[in-house]
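Taking it in order: structure first as structure tokens, then the write-up.
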2 protein chains.
Amino acid sequence: MAAHVLALLSRPSLEAPGDADAPAWVFVDPESPQLTALDLGATRGDGIFESISVNHGRAQALEHHLRRFAKSAAMLELPAPDLDAWRAAILAVIDQLAPGDSEAFVKTVLTRGIEYGDRPTGWAYGALSPSFEAARADGISVVILDRGYRHDVEQTSPWLLAGAKTLSYAVNRAVAREAVRRGADDVVFVSSDGIILEGPTSTVVYRRDGALYSPGTGLGILDGTTQANVFRWAESLGMPTAFELTTPELLRSADAAWLVSSVRLAAPLRALDGAPMPVDAEFTSRMNDWLKALDD
Amino acid sequence: MAAHVLALLSRPSLEAPGDADAPAWVFVDPESPQLTALDLGATRGDGIFESISVNHGRAQALEHHLRRFAKSAAMLELPAPDLDAWRAAILAVIDQLAPGDSEAFVKTVLTRGIEYGDRPTGWAYGALSPSFEAARADGISVVILDRGYRHDVEQTSPWLLAGAKTLSYAVNRAVAREAVRRGADDVVFVSSDGIILEGPTSTVVYRRDGALYSPGTGLGILDGTTQANVFRWAESLGMPTAFELTTPELLRSADAAWLVSSVRLAAPLRALDGAPMPVDAEFTSRMNDWLKALDD
């Protein structure tokens, strides 16, 4: 089992020039320099990524992640990723990592490449995940922070790239520090006009009167791969699911709420802006067991 | 004269561990990989930068750029840059580049380094500038685009990092593409509540009744190094200068307007959202000549 594995894509996009007979990726040392200081990923955060969970050696929601990767590329007008090459590289990284039954992840990154160059840069990086058992079992304390944008910017101002999973994540890192400063573990963003959006690296899901809800798409937020699976699980139990516009007040009145994401899976909210939230440990445990056992 | 020059900082921050006797920087090949795929600059746009103009072999507004670099670092809670080391590296890059009387620039980048690592990554990159004579002489066509944020987010929501010069520039690149789509050359951002902010890589300056104006700081925009010099020049001519809250209507009614920035210098607006703007070519030329001749 390798501690971590890095594959550089030889042909990260359908348009990238290259020898069709060349291997689609090469394994390289993740601890050695692989990028130049002129790469627009490093100088402008100009690129996209996905983080894919690996459980029992299987990439989860792989096709959903690949679709979202392609959608982010289109929103940034990056060359369309060669999804067959990416899929093969992701599976090869997992094979090389050989995580067995340990939880792991693969992160895919596509940058616009070197400024004025003719091809994007792409890599797939795999490693074992840290343990998130405490967050899953005991829950997380969450604060609501202003994202600054109205809930409709995805429609009015597509150049803001709201809803694309870009490398320009400095704000998502800053809000994590602000959460710690407030004694909390994580963040839920609210729009400037008072609509609950998403976490910096997660989707909001909550339960009310026996149904599961999530804010849904079109609000400048990501189409959650784990949220989609959680809804699939709920529907298999006969629970209704729906998207709805949510306010902080509505979220506070939920009878349970979670931040769900690929690698941490479902983390129940035990506090929201300092006020306790009910945690349904048994329901959460079943949800996470089902997510961990997913075949695709 | 080297085509371009890259110096990696050995001790980019005051806190970075290192041998005090080691050189503060090393020259490396800019076309060879220098960064790992785990650098948070490349994976999260988690870092800061400055672009410093070099005219007649002299770094312009160097101390202002260094102060702003340190301010951006503080806003991102990065380790404080060792400004003496950065200043020396910038001057060494210029010396190595030997641009003579060609216009050149040095870009400094400080990232949070490798995730879970103990030191930031820093480099200074120098190259000759492309020619901006057409933009300076003929002017640029500019469109006004929504930045999504209210003009007061710097005060209400500092975690949005508005006013820091971060590597998370994907939106600034996206608005440049949107400008091209609209047949324009550049962009002026407007806040969601209708206040003129800045360009994606420039500061707005305009003239009305013989005085120069700029939106000023505190609006989630950068403290412009070139705007400061333009005001210094205007004051040397006896022209009044002032900061004021500006609307699109007020900007349209100016008798001349510019986007000013370190490398392109002052580019007059010849159109705003498709409507012609008056260009004062003689005044602009004197402004740019003065900027190019600056000693510091």
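Chain lettering (A, B, ...) mirrors the order of the structure tokens, residue numbering begins at 1 for each chain separately, and ligand numbering begins at 1 in order of display.
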At most 6 Å is the cut-off: for each residue in chain A with any atom that close to an atom of chain B, write down the nearest atom pair and the distance in Å rounded to one decimal, counting only C-alpha atoms, chain first then increasing number, as JSON lines.
```
{"residue": "A:Ser32", "atom": "CA", "partner": "B:Thr36", "partner_atom": "CA", "distance": 5.8}
{"residue": "A:Pro33", "atom": "CA", "partner": "B:Thr36", "partner_atom": "CA", "distance": 4.1}
{"residue": "A:Gln34", "atom": "CA", "partner": "B:Pro33", "partner_atom": "CA", "distance": 5.0}
{"residue": "A:Leu35", "atom": "CA", "partner": "B:Pro33", "partner_atom": "CA", "distance": 4.5}
{"residue": "A:Thr36", "atom": "CA", "partner": "B:Pro33", "partner_atom": "CA", "distance": 4.1}
{"residue": "A:Gly41", "atom": "CA", "partner": "B:Ala42", "partner_atom": "CA", "distance": 5.1}
{"residue": "A:Ala42", "atom": "CA", "partner": "B:Ala42", "partner_atom": "CA", "distance": 4.0}
{"residue": "A:Thr43", "atom": "CA", "partner": "B:Leu167", "partner_atom": "CA", "distance": 5.8}
{"residue": "A:Arg44", "atom": "CA", "partner": "B:Tyr169", "partner_atom": "CA", "distance": 4.7}
{"residue": "A:Gly45", "atom": "CA", "partner": "B:Gly45", "partner_atom": "CA", "distance": 4.4}
{"residue": "A:Asp46", "atom": "CA", "partner": "B:Ala170", "partner_atom": "CA", "distance": 4.8}
{"residue": "A:Gly148", "atom": "CA", "partner": "B:Tyr149", "partner_atom": "CA", "distance": 5.1}
{"residue": "A:Tyr149", "atom": "CA", "partner": "B:Gly148", "partner_atom": "CA", "distance": 5.1}
{"residue": "A:Trp159", "atom": "CA", "partner": "B:Ala174", "partner_atom": "CA", "distance": 5.4}
{"residue": "A:Leu160", "atom": "CA", "partner": "B:Val171", "partner_atom": "CA", "distance": 5.5}
{"residue": "A:Leu167", "atom": "CA", "partner": "B:Arg44", "partner_atom": "CA", "distance": 4.9}
{"residue": "A:Ser168", "atom": "CA", "partner": "B:Ser168", "partner_atom": "CA", "distance": 3.9}
{"residue": "A:Tyr169", "atom": "CA", "partner": "B:Arg44", "partner_atom": "CA", "distance": 4.7}
{"residue": "A:Ala170", "atom": "CA", "partner": "B:Asp46", "partner_atom": "CA", "distance": 4.8}
{"residue": "A:Val171", "atom": "CA", "partner": "B:Leu160", "partner_atom": "CA", "distance": 5.4}
{"residue": "A:Ala174", "atom": "CA", "partner": "B:Trp159", "partner_atom": "CA", "distance": 5.4}
{"residue": "A:Val175", "atom": "CA", "partner": "B:Trp159", "partner_atom": "CA", "distance": 5.5}
```
7 Å contact set for Leu219 of chain B, only C-alpha atoms, chain neighbours under 6 positions out, as an NGL selection string: :B and (151-152 or 154 or 197)
Selection: 6 Å around segment 78-86 of chain A, only C-alpha atoms, excl. self and same-chain fewer than 3 positions, as a ChimeraX atom specification: /A:12-14,24,73,89
Atoms to include: N, CA and C atoms. Write the selected residues as a CSV table (one decimal), in the first residue's frame.
```csv
chain,number,residue,atom,x,y,z
A,12,PRO,N,-5.1,15.6,-20.6
A,12,PRO,CA,-6.2,15.9,-19.7
A,12,PRO,C,-7.5,16.3,-20.3
A,13,SER,N,-7.3,16.8,-21.6
A,13,SER,CA,-8.5,17.3,-22.2
A,13,SER,C,-8.6,16.7,-23.6
A,14,LEU,N,-9.8,16.7,-24.1
A,14,LEU,CA,-10.1,16.1,-25.5
A,14,LEU,C,-9.3,16.9,-26.5
A,24,ALA,N,-2.2,7.3,-21.1
A,24,ALA,CA,-3.0,8.4,-20.7
A,24,ALA,C,-2.6,9.1,-19.5
A,73,ALA,N,-15.6,22.6,-15.8
A,73,ALA,CA,-14.7,22.9,-16.9
A,73,ALA,C,-15.5,23.8,-17.9
A,89,ALA,N,-7.4,7.0,-15.1
A,89,ALA,CA,-6.3,7.5,-14.2
A,89,ALA,C,-6.8,7.3,-12.7
```
Expected answer as number ranges by chain: helix (DSSP H, G or I) residues in segment 1-218 of chain A: A: 40-44, 62-75, 83-97, 133-138, 153-156, 158-160, 170-181
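DSSP, applied to the backbone of this structure, assigns strand (DSSP E) to the following residues of segment 34-101 of chain A: Gly47, Ile48, Phe49, Glu50, Ser51, Ile52, Ser53, Val54, Asn55, Arg58 and Ala59 of chain A.
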Let's have the selection written as a PDB file, in the first residue's frame, with all heavy atoms.
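Okay, this is what ended up in out_12.pdb:
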```
ATOM      1  N   GLY A  47      -8.590  26.893 -12.419  1.00  0.00           N
ATOM      2  CA  GLY A  47      -8.782  25.487 -12.715  1.00  0.00           C
ATOM      3  C   GLY A  47      -9.900  24.943 -11.850  1.00  0.00           C
ATOM      4  O   GLY A  47     -10.583  25.711 -11.155  1.00  0.00           O
ATOM      5  N   ILE A  48     -10.082  23.654 -11.902  1.00  0.00           N
ATOM      6  CA  ILE A  48     -11.225  23.001 -11.235  1.00  0.00           C
ATOM      7  C   ILE A  48     -10.745  21.729 -10.552  1.00  0.00           C
ATOM      8  O   ILE A  48      -9.649  21.237 -10.829  1.00  0.00           O
ATOM      9  CB  ILE A  48     -12.314  22.652 -12.257  1.00  0.00           C
ATOM     10  CG1 ILE A  48     -11.746  21.722 -13.339  1.00  0.00           C
ATOM     11  CG2 ILE A  48     -12.894  23.923 -12.863  1.00  0.00           C
ATOM     12  CD1 ILE A  48     -12.800  21.132 -14.248  1.00  0.00           C
ATOM     13  N   PHE A  49     -11.590  21.204  -9.666  1.00  0.00           N
ATOM     14  CA  PHE A  49     -11.224  19.938  -9.028  1.00  0.00           C
ATOM     15  C   PHE A  49     -12.458  19.170  -8.603  1.00  0.00           C
ATOM     16  O   PHE A  49     -13.566  19.696  -8.600  1.00  0.00           O
ATOM     17  CB  PHE A  49     -10.284  20.172  -7.838  1.00  0.00           C
ATOM     18  CG  PHE A  49     -10.954  20.704  -6.595  1.00  0.00           C
ATOM     19  CD1 PHE A  49     -11.241  19.855  -5.544  1.00  0.00           C
ATOM     20  CD2 PHE A  49     -11.295  22.039  -6.475  1.00  0.00           C
ATOM     21  CE1 PHE A  49     -11.847  20.328  -4.378  1.00  0.00           C
ATOM     22  CE2 PHE A  49     -11.899  22.523  -5.331  1.00  0.00           C
ATOM     23  CZ  PHE A  49     -12.180  21.667  -4.285  1.00  0.00           C
ATOM     24  N   GLU A  50     -12.230  17.913  -8.251  1.00  0.00           N
ATOM     25  CA  GLU A  50     -13.215  17.055  -7.603  1.00  0.00           C
ATOM     26  C   GLU A  50     -12.496  16.238  -6.538  1.00  0.00           C
ATOM     27  O   GLU A  50     -11.315  15.921  -6.704  1.00  0.00           O
ATOM     28  CB  GLU A  50     -13.879  16.076  -8.601  1.00  0.00           C
ATOM     29  CG  GLU A  50     -14.866  16.718  -9.554  1.00  0.00           C
ATOM     30  CD  GLU A  50     -16.153  17.147  -8.868  1.00  0.00           C
ATOM     31  OE1 GLU A  50     -16.607  16.477  -7.923  1.00  0.00           O
ATOM     32  OE2 GLU A  50     -16.699  18.190  -9.272  1.00  0.00           O
ATOM     33  N   SER A  51     -13.190  15.917  -5.450  1.00  0.00           N
ATOM     34  CA  SER A  51     -12.665  14.995  -4.441  1.00  0.00           C
ATOM     35  C   SER A  51     -13.591  13.799  -4.380  1.00  0.00           C
ATOM     36  O   SER A  51     -14.791  13.947  -4.084  1.00  0.00           O
ATOM     37  CB  SER A  51     -12.601  15.660  -3.066  1.00  0.00           C
ATOM     38  OG  SER A  51     -11.626  16.666  -3.056  1.00  0.00           O
ATOM     39  N   ILE A  52     -13.059  12.640  -4.657  1.00  0.00           N
ATOM     40  CA  ILE A  52     -13.865  11.432  -4.812  1.00  0.00           C
ATOM     41  C   ILE A  52     -13.525  10.478  -3.674  1.00  0.00           C
ATOM     42  O   ILE A  52     -12.346  10.178  -3.422  1.00  0.00           O
ATOM     43  CB  ILE A  52     -13.561  10.775  -6.177  1.00  0.00           C
ATOM     44  CG1 ILE A  52     -13.836  11.779  -7.298  1.00  0.00           C
ATOM     45  CG2 ILE A  52     -14.343   9.494  -6.351  1.00  0.00           C
ATOM     46  CD1 ILE A  52     -13.128  11.460  -8.592  1.00  0.00           C
ATOM     47  N   SER A  53     -14.558  10.013  -3.002  1.00  0.00           N
ATOM     48  CA  SER A  53     -14.359   9.095  -1.888  1.00  0.00           C
ATOM     49  C   SER A  53     -14.081   7.685  -2.397  1.00  0.00           C
ATOM     50  O   SER A  53     -14.663   7.248  -3.394  1.00  0.00           O
ATOM     51  CB  SER A  53     -15.620   9.102  -1.038  1.00  0.00           C
ATOM     52  OG  SER A  53     -15.529   8.175  -0.003  1.00  0.00           O
ATOM     53  N   VAL A  54     -13.205   6.972  -1.688  1.00  0.00           N
ATOM     54  CA  VAL A  54     -12.912   5.574  -2.016  1.00  0.00           C
ATOM     55  C   VAL A  54     -13.211   4.743  -0.776  1.00  0.00           C
ATOM     56  O   VAL A  54     -12.612   4.969   0.282  1.00  0.00           O
ATOM     57  CB  VAL A  54     -11.429   5.401  -2.422  1.00  0.00           C
ATOM     58  CG1 VAL A  54     -11.122   3.934  -2.715  1.00  0.00           C
ATOM     59  CG2 VAL A  54     -11.101   6.273  -3.625  1.00  0.00           C
ATOM     60  N   ASN A  55     -14.177   3.853  -0.894  1.00  0.00           N
ATOM     61  CA  ASN A  55     -14.513   2.949   0.198  1.00  0.00           C
ATOM     62  C   ASN A  55     -14.435   1.519  -0.314  1.00  0.00           C
ATOM     63  O   ASN A  55     -14.937   1.226  -1.399  1.00  0.00           O
ATOM     64  CB  ASN A  55     -15.931   3.245   0.728  1.00  0.00           C
ATOM     65  CG  ASN A  55     -15.913   4.346   1.761  1.00  0.00           C
ATOM     66  OD1 ASN A  55     -15.171   4.285   2.735  1.00  0.00           O
ATOM     67  ND2 ASN A  55     -16.703   5.388   1.519  1.00  0.00           N
ATOM     68  N   ARG A  58     -13.424   1.117  -3.796  1.00  0.00           N
ATOM     69  CA  ARG A  58     -14.264   1.544  -4.923  1.00  0.00           C
ATOM     70  C   ARG A  58     -14.454   3.059  -4.904  1.00  0.00           C
ATOM     71  O   ARG A  58     -14.766   3.646  -3.859  1.00  0.00           O
ATOM     72  CB  ARG A  58     -15.634   0.861  -4.850  1.00  0.00           C
ATOM     73  CG  ARG A  58     -15.581  -0.642  -5.103  1.00  0.00           C
ATOM     74  CD  ARG A  58     -16.990  -1.219  -5.178  1.00  0.00           C
ATOM     75  NE  ARG A  58     -17.746  -0.997  -3.958  1.00  0.00           N
ATOM     76  CZ  ARG A  58     -17.830  -1.879  -2.951  1.00  0.00           C
ATOM     77  NH1 ARG A  58     -17.223  -3.046  -3.025  1.00  0.00           N
ATOM     78  NH2 ARG A  58     -18.538  -1.604  -1.883  1.00  0.00           N
ATOM     79  N   ALA A  59     -14.304   3.690  -6.071  1.00  0.00           N
ATOM     80  CA  ALA A  59     -14.579   5.130  -6.200  1.00  0.00           C
ATOM     81  C   ALA A  59     -16.085   5.330  -6.154  1.00  0.00           C
ATOM     82  O   ALA A  59     -16.823   4.713  -6.922  1.00  0.00           O
ATOM     83  CB  ALA A  59     -14.022   5.659  -7.510  1.00  0.00           C
TER      84      ALA A  59
END
```
Two-atom distance - atom CA of Ala61 of chain B, atom CA of Val93 of chain B (Å): 16.2 Å
Residue neighbourhood Pro23 of chain A, 9 Å, only C-alpha atoms, exclusion window fewer than 6 positions, as a list in words: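 Non-adjacent residues within range: Leu9, Ser10 and Arg11 of chain A.
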Gap from atom CA of Asp209 of chain A to atom CA of Ala135 of chain A - Å, one decimal: 24.5 Å
Residue neighbourhood Ala234 of chain B, 12 Å, only C-alpha atoms, exclusion window fewer than 2 positions, as a list of chain:residue names: B:Val205, B:Tyr206, B:Arg207, B:Gly210, B:Ala211, B:Leu212, B:Tyr213, B:Gln227, B:Ala228, B:Asn229, B:Val230, B:Phe231, B:Arg232, B:Ser236, B:Leu237, B:Gly238, B:Met239, B:Pro240, B:Thr241, B:Ala242, B:Phe283, B:Thr284, B:Arg286, B:Met287, B:Asn288, B:Trp290, B:Leu291
Residues within 10 Å of Thr225 of chain B, only C-alpha atoms, excluding chain neighbours under 4 positions, as a PyMOL selection string: chain B and resi 52+60-65+68+202-203+229-230+260-262
Taking N, CA, C and O atoms for each residue, export the selection above as a short mmCIF file (atom, residue, chain, number, x, y, z; two decimals), in the first residue's frame.
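selection_19.cif, freshly written:
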```cif
data_model
loop_
_atom_site.label_atom_id
_atom_site.label_comp_id
_atom_site.auth_asym_id
_atom_site.auth_seq_id
_atom_site.Cartn_x
_atom_site.Cartn_y
_atom_site.Cartn_z
N ILE B 52 4.85 43.93 -9.94
CA ILE B 52 5.61 45.17 -9.79
C ILE B 52 6.20 45.56 -11.14
O ILE B 52 6.83 44.74 -11.81
N GLN B 60 9.16 49.86 -9.54
CA GLN B 60 8.38 51.04 -9.19
C GLN B 60 7.40 50.77 -8.05
O GLN B 60 6.79 49.70 -8.00
N ALA B 61 7.25 51.77 -7.21
CA ALA B 61 6.34 51.68 -6.06
C ALA B 61 6.65 50.44 -5.24
O ALA B 61 5.76 49.80 -4.68
N LEU B 62 7.96 50.11 -5.16
CA LEU B 62 8.36 48.85 -4.52
C LEU B 62 7.90 48.78 -3.07
O LEU B 62 7.34 47.76 -2.64
N GLU B 63 8.09 49.85 -2.32
CA GLU B 63 7.72 49.79 -0.90
C GLU B 63 6.21 49.70 -0.73
O GLU B 63 5.72 49.00 0.17
N HIS B 64 5.46 50.38 -1.58
CA HIS B 64 4.00 50.28 -1.53
C HIS B 64 3.57 48.84 -1.82
O HIS B 64 2.71 48.27 -1.14
N HIS B 65 4.17 48.23 -2.87
CA HIS B 65 3.83 46.83 -3.19
C HIS B 65 4.17 45.91 -2.01
O HIS B 65 3.38 45.02 -1.67
N ARG B 68 1.60 46.26 0.68
CA ARG B 68 0.34 45.62 0.31
C ARG B 68 0.47 44.10 0.38
O ARG B 68 -0.48 43.40 0.78
N SER B 202 -6.91 46.41 -11.94
CA SER B 202 -6.61 47.84 -12.08
C SER B 202 -7.49 48.65 -11.15
O SER B 202 -8.46 48.15 -10.58
N THR B 203 -7.13 49.93 -11.03
CA THR B 203 -7.89 50.87 -10.21
C THR B 203 -8.55 51.89 -11.14
O THR B 203 -7.97 52.29 -12.15
N ASN B 229 0.35 56.88 -7.23
CA ASN B 229 1.33 57.68 -7.98
C ASN B 229 0.66 58.68 -8.91
O ASN B 229 1.14 59.80 -9.08
N VAL B 230 -0.46 58.27 -9.51
CA VAL B 230 -1.18 59.20 -10.40
C VAL B 230 -1.67 60.41 -9.58
O VAL B 230 -1.57 61.56 -10.03
N VAL B 260 -5.95 52.23 -14.18
CA VAL B 260 -4.50 52.35 -13.95
C VAL B 260 -4.02 51.12 -13.20
O VAL B 260 -4.70 50.61 -12.31
N SER B 261 -2.85 50.62 -13.62
CA SER B 261 -2.29 49.42 -13.00
C SER B 261 -0.78 49.44 -13.19
O SER B 261 -0.25 50.21 -14.00
N SER B 262 -0.09 48.59 -12.44
CA SER B 262 1.37 48.66 -12.38
C SER B 262 2.03 48.47 -13.73
O SER B 262 2.98 49.17 -14.06
#
```
Point-to-point distance from atom CA of Arg208 of chain A to atom CA of Ala256 of chain A, Å rounded to tenths: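 According to the coordinates, atom CA of Arg208 of chain A and atom CA of Ala256 of chain A are separated by 7.4 Å.
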Polymer residues at most 9 Å from Ile140 of chain A, only C-alpha atoms, same-chain spacing of 4 or more positions, as JSON, numbers by chain: {"A": [134, 135, 136, 184, 185, 186, 258, 259, 267, 268, 269, 270, 271, 272]}
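Across A:Pro200, A:Gly163, A:Gly183, A:Pro248, the tightest approach to Gly216 of chain A is made by A:Gly163 when counting only C-alpha atoms.
Distance annotation: of B:Glu15, B:Ile94, B:Phe69, B:Arg182, the residue with the minimal separation from Arg119 of chain B is B:Glu15; atom set is only C-alpha atoms.
When only C-alpha atoms are used to measure the gap to Ile221 of chain A, the shortest distance among A:Ala22, A:Ala2, A:Ile196, A:Ile144 belongs to A:Ile196.
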